[in-house]
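Novice: So that we are looking at the same thing, I have put the structure below in structure tokens.
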Amino acid sequence: MTDSIRPVFFKMDNVIQNYPWGSVTSVQQLFGTENPDAQPQAEIWMGAHPNGCSTIEMSGKPVLLSDFIATDPDAILGANTQATFGELPYLFKVLAAEKALSIQVHPSKAQAEVGFAKEDAEGIPRNAGNRNYKDPNHKPELVFALTPYQAMNGFREIADIVAQFEILNIPVLSDLVAAFSTEQNEAGLQAFFQAMLSLEGEVKETAVNALLAYANSHKEDALFGLLIELAEQYPGDIGLFAPLMLNVLTLQPGEAMFLDACTPHAYIKGTGLEIMANSDNVLRAGLTPKYMDVPELVASTLFVTKPADSLLLAPEQGEGSQHYPIPVPDFKFSVYQQVSNTVIDHHSAEILFAVDAPVTVTHQNGETITIEKGESVFIPAYALSYAASCNGCFARAYN
């Protein structure tokens with residue numbers, strides 16, 4: 001079958017992940033998705049990830065997207081993508097957080113390759129709870145807010161971190177804070193961060209209790225109000241100190257940020273679109289009951305500060321479109337608003353997601369499809385171009 005007569009639009013049936021931190025109501029309210037059992041609908045996965053692969057319909061039968069891609073990867077993914085990645089290189093998601101996700105760092109590509117090979121050589125099962133590297137890939141991410149979306153991203157300015165801890169004046173931390181105060185540089189930040197995450201036993205308990213005592217007496221301060229909320233979700237967790245060390249921000253709907261490798265971050269609350277490279281590599285730094293390997297985390301972290309005014313990602317504006325500059329080849333992300341028969345040329349497999357209104361796409365071969373809000377369509381590379389119309393907003397994932 002030639003490209004000119006092959007189907008070019010495939011409506012997707014996507015897996016919903018019911019993680020405990022997910023919102024019971026947000027996906028339903030935004031997209032009308034049914035939730036009869038009142039499950040936490042944490043993430044909708046759009047892509048070919050083995051832990052939650054989308055399905056499409058072919059000849060009236062459901063087919064895994066990964067199986068469809070395998071029938072002709074050069075044509076479906078694009079020859080360059082197939083040669084470079086050998087798979088659909090991204091996972092596109094709706095992420096709806098009611099509770100905070102763990103504070104985490106994703107390793108760089110080089111670090112992941114070394115760590116993955118090392119743990120394989122040590123015989124650590126790839127599904128083991130104490131396994132740091134589940135694959136040899138990096139995991140850069142972009143998040144685009146659909147609702148107010150609170151998160152942490154990157155280290156605060158060092159002087160700000162020192163000032164926060166000096167104000168707390170917690171006796172069991174006084175030596176650590178004093179040492180950090182006299183070495184306000186990357187080495188000092190690394191030593192302080194590692195020491196804080198390594199606190200154990202009575203010292204840890206005393207420090208956390210002192211932090212919460214201060215927070216409860218300063219509830220009017222939004223930062224300490226947040227600490228109280230996090231303490232209800234993760235009582236006694238050393239990650240409760242993280243908002244004093246990391247930038248805390250709330251993205252407004254339509255705003256986006258990029259999460260670099262080797263940068264500590266956490267999603268706190270809100271619903272957004274997320275696109276990420278295919279990887280499950282997570283090194284945790286708190287707000288979690290899961291395994292934490294502090295030395296490996298520290299070895300994979302860049303101890304550089306991120307100015308607060310650099311956190312949002314400024315898009316490149318087009319006619320009815322916003323294209324977000326991504327510093328990795330694994331994925332690209334664009335948003336289109338109020339467009340009519342806008343022609344989009346492409347050379348890779350892509351996914352369109354209808355955010356708040358139906359999206360109609362048409363192809364020169366005469367094929368057309370309309371997806372409703374909350375639905376997505378997969379478009380193979382061999383389509384080459386299509387025209388899109390939408391009275392609202394839709395997002396486009398590609399590479």
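Identifiers in this document derive from the order of the structure tokens: chains are assigned A, B, ..., residues are numbered from 1 separately in each chain, and ligands are numbered from 1 in order of occurrence.
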I want to know what sits within 12 Å of A:Gly188, based on only C-alpha atoms, with residues of the same chain fewer than 2 positions away left out; could you give that as a list in words?
Specialist: Ile158, Ala159, Ile161, Val162, Leu176, Val177, Ala178, Ala179, Phe180, Ser181, Thr182, Glu183, Gln184, Asn185, Glu186, Gln190, Ala191, Phe192, Phe193, Gln194, Ala195, Phe303 and Val304 of chain A
Novice: Those same residues, written as a PDB file, in the first residue's frame with C-alpha atoms?
Specialist:
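And here's again07.pdb as it stands now:
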```pdb
ATOM      1  CA  ILE A 158      22.678  30.253  47.551  1.00  0.00           C
ATOM      2  CA  ALA A 159      22.413  33.374  49.715  1.00  0.00           C
ATOM      3  CA  ILE A 161      19.035  29.236  50.998  1.00  0.00           C
ATOM      4  CA  VAL A 162      21.463  30.260  53.730  1.00  0.00           C
ATOM      5  CA  LEU A 176      25.734  22.556  58.961  1.00  0.00           C
ATOM      6  CA  VAL A 177      24.280  26.011  58.367  1.00  0.00           C
ATOM      7  CA  ALA A 178      27.398  27.726  59.718  1.00  0.00           C
ATOM      8  CA  ALA A 179      29.633  25.670  57.413  1.00  0.00           C
ATOM      9  CA  PHE A 180      27.415  26.473  54.434  1.00  0.00           C
ATOM     10  CA  SER A 181      27.387  30.158  55.368  1.00  0.00           C
ATOM     11  CA  THR A 182      31.187  30.277  55.172  1.00  0.00           C
ATOM     12  CA  GLU A 183      31.305  28.404  51.843  1.00  0.00           C
ATOM     13  CA  GLN A 184      28.570  29.913  49.688  1.00  0.00           C
ATOM     14  CA  ASN A 185      29.484  28.237  46.418  1.00  0.00           C
ATOM     15  CA  GLU A 186      28.718  25.048  44.502  1.00  0.00           C
ATOM     16  CA  GLN A 190      26.645  20.141  47.517  1.00  0.00           C
ATOM     17  CA  ALA A 191      27.974  19.441  51.014  1.00  0.00           C
ATOM     18  CA  PHE A 192      24.922  21.019  52.653  1.00  0.00           C
ATOM     19  CA  PHE A 193      22.389  19.274  50.390  1.00  0.00           C
ATOM     20  CA  GLN A 194      24.011  15.891  50.914  1.00  0.00           C
ATOM     21  CA  ALA A 195      24.258  16.388  54.671  1.00  0.00           C
ATOM     22  CA  PHE A 303      24.809  22.181  42.125  1.00  0.00           C
ATOM     23  CA  VAL A 304      24.109  25.351  40.221  1.00  0.00           C
TER      24      VAL A 304
END
```
Novice: Neighbouring residues of A:Thr305 were defined as those with any atom within 9 Å, considering only C-alpha atoms; residues of the same chain fewer than 5 positions away were excluded. Please report them as a list in words.
Specialist: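 The residues that qualify are Gly154, Phe155, Arg156, Glu157, Ile158, Glu186 and Leu246 of chain A.
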Novice: Take the residues from that selection and write them out as a PDB file, in the first residue's frame, keeping N, CA, C and O atoms.
Specialist:
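Final output, part_15.pdb:
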```pdb
ATOM      1  N   GLY A 154      14.879  23.433  40.472  1.00  0.00           N
ATOM      2  CA  GLY A 154      16.213  24.004  40.573  1.00  0.00           C
ATOM      3  C   GLY A 154      16.491  24.654  41.914  1.00  0.00           C
ATOM      4  O   GLY A 154      15.589  25.034  42.659  1.00  0.00           O
ATOM      5  N   PHE A 155      17.771  24.815  42.202  1.00  0.00           N
ATOM      6  CA  PHE A 155      18.190  25.422  43.470  1.00  0.00           C
ATOM      7  C   PHE A 155      17.932  26.919  43.479  1.00  0.00           C
ATOM      8  O   PHE A 155      18.167  27.620  42.484  1.00  0.00           O
ATOM      9  N   ARG A 156      17.488  27.412  44.616  1.00  0.00           N
ATOM     10  CA  ARG A 156      17.403  28.849  44.846  1.00  0.00           C
ATOM     11  C   ARG A 156      18.809  29.449  44.828  1.00  0.00           C
ATOM     12  O   ARG A 156      19.818  28.731  44.890  1.00  0.00           O
ATOM     13  N   GLU A 157      18.870  30.764  44.783  1.00  0.00           N
ATOM     14  CA  GLU A 157      20.156  31.439  44.952  1.00  0.00           C
ATOM     15  C   GLU A 157      20.743  31.028  46.304  1.00  0.00           C
ATOM     16  O   GLU A 157      20.020  30.898  47.308  1.00  0.00           O
ATOM     17  N   ILE A 158      22.042  30.795  46.351  1.00  0.00           N
ATOM     18  CA  ILE A 158      22.678  30.253  47.551  1.00  0.00           C
ATOM     19  C   ILE A 158      22.461  31.158  48.757  1.00  0.00           C
ATOM     20  O   ILE A 158      22.151  30.680  49.869  1.00  0.00           O
ATOM     21  N   GLU A 186      29.268  26.341  44.914  1.00  0.00           N
ATOM     22  CA  GLU A 186      28.718  25.048  44.502  1.00  0.00           C
ATOM     23  C   GLU A 186      29.156  23.916  45.424  1.00  0.00           C
ATOM     24  O   GLU A 186      28.360  23.028  45.763  1.00  0.00           O
ATOM     25  N   LEU A 246      14.868  24.823  47.099  1.00  0.00           N
ATOM     26  CA  LEU A 246      14.512  24.836  45.688  1.00  0.00           C
ATOM     27  C   LEU A 246      13.534  25.965  45.382  1.00  0.00           C
ATOM     28  O   LEU A 246      12.790  26.413  46.259  1.00  0.00           O
TER      29      LEU A 246
END
```
Novice: Which distance in Å separates atom CA of A:Asn247 and atom CA of A:Gln104, to one decimal?
Specialist: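 Going from atom CA of A:Asn247 over to atom CA of A:Gln104 covers 13.7 Å.
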Novice: For each of A:Thr360, A:Asn399, A:Asn132, A:Asn391, take the minimum atom-to-atom distance to A:Phe333, counting only C-alpha atoms, then give the residue where this is smallest.
Specialist: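 That would be A:Asn399, the residue with the smallest distance to A:Phe333.
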Novice: From the list A:Thr301, A:Ser54, A:Thr25, A:Ser348, which residue is nearest A:His106 when using only C-alpha atoms?
Specialist: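 Answer, going by the shortest atom-to-atom distance: A:Thr301.
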Novice: Considering only C-alpha atoms, give me a table of residues in stretch 9-54 of chain A that are at most 9 Å from stretch 72-95 of chain A, with the closest atom pair and distance in Å for each, as a Markdown table.
Specialist:
```
| residue | atom | partner | partner_atom | distance |
| --- | --- | --- | --- | --- |
| A:Gly22 | CA | A:Leu95 | CA | 8.0 |
| A:Val27 | CA | A:Val94 | CA | 8.3 |
| A:Gln41 | CA | A:Leu95 | CA | 8.5 |
| A:Ala42 | CA | A:Leu95 | CA | 5.8 |
| A:Glu43 | CA | A:Leu95 | CA | 4.5 |
| A:Ile44 | CA | A:Val94 | CA | 5.0 |
| A:Trp45 | CA | A:Lys93 | CA | 4.8 |
| A:Met46 | CA | A:Phe92 | CA | 5.0 |
| A:Gly47 | CA | A:Leu91 | CA | 5.2 |
| A:Ala48 | CA | A:Leu88 | CA | 6.7 |
| A:His49 | CA | A:Leu91 | CA | 6.9 |
```
Novice: Could you check the closest approach to A:Pro243 for each of A:Val172, A:Lys134, A:Ala215, A:Phe258 and tell me which residue wins, using only C-alpha atoms?
Specialist: A:Ala215
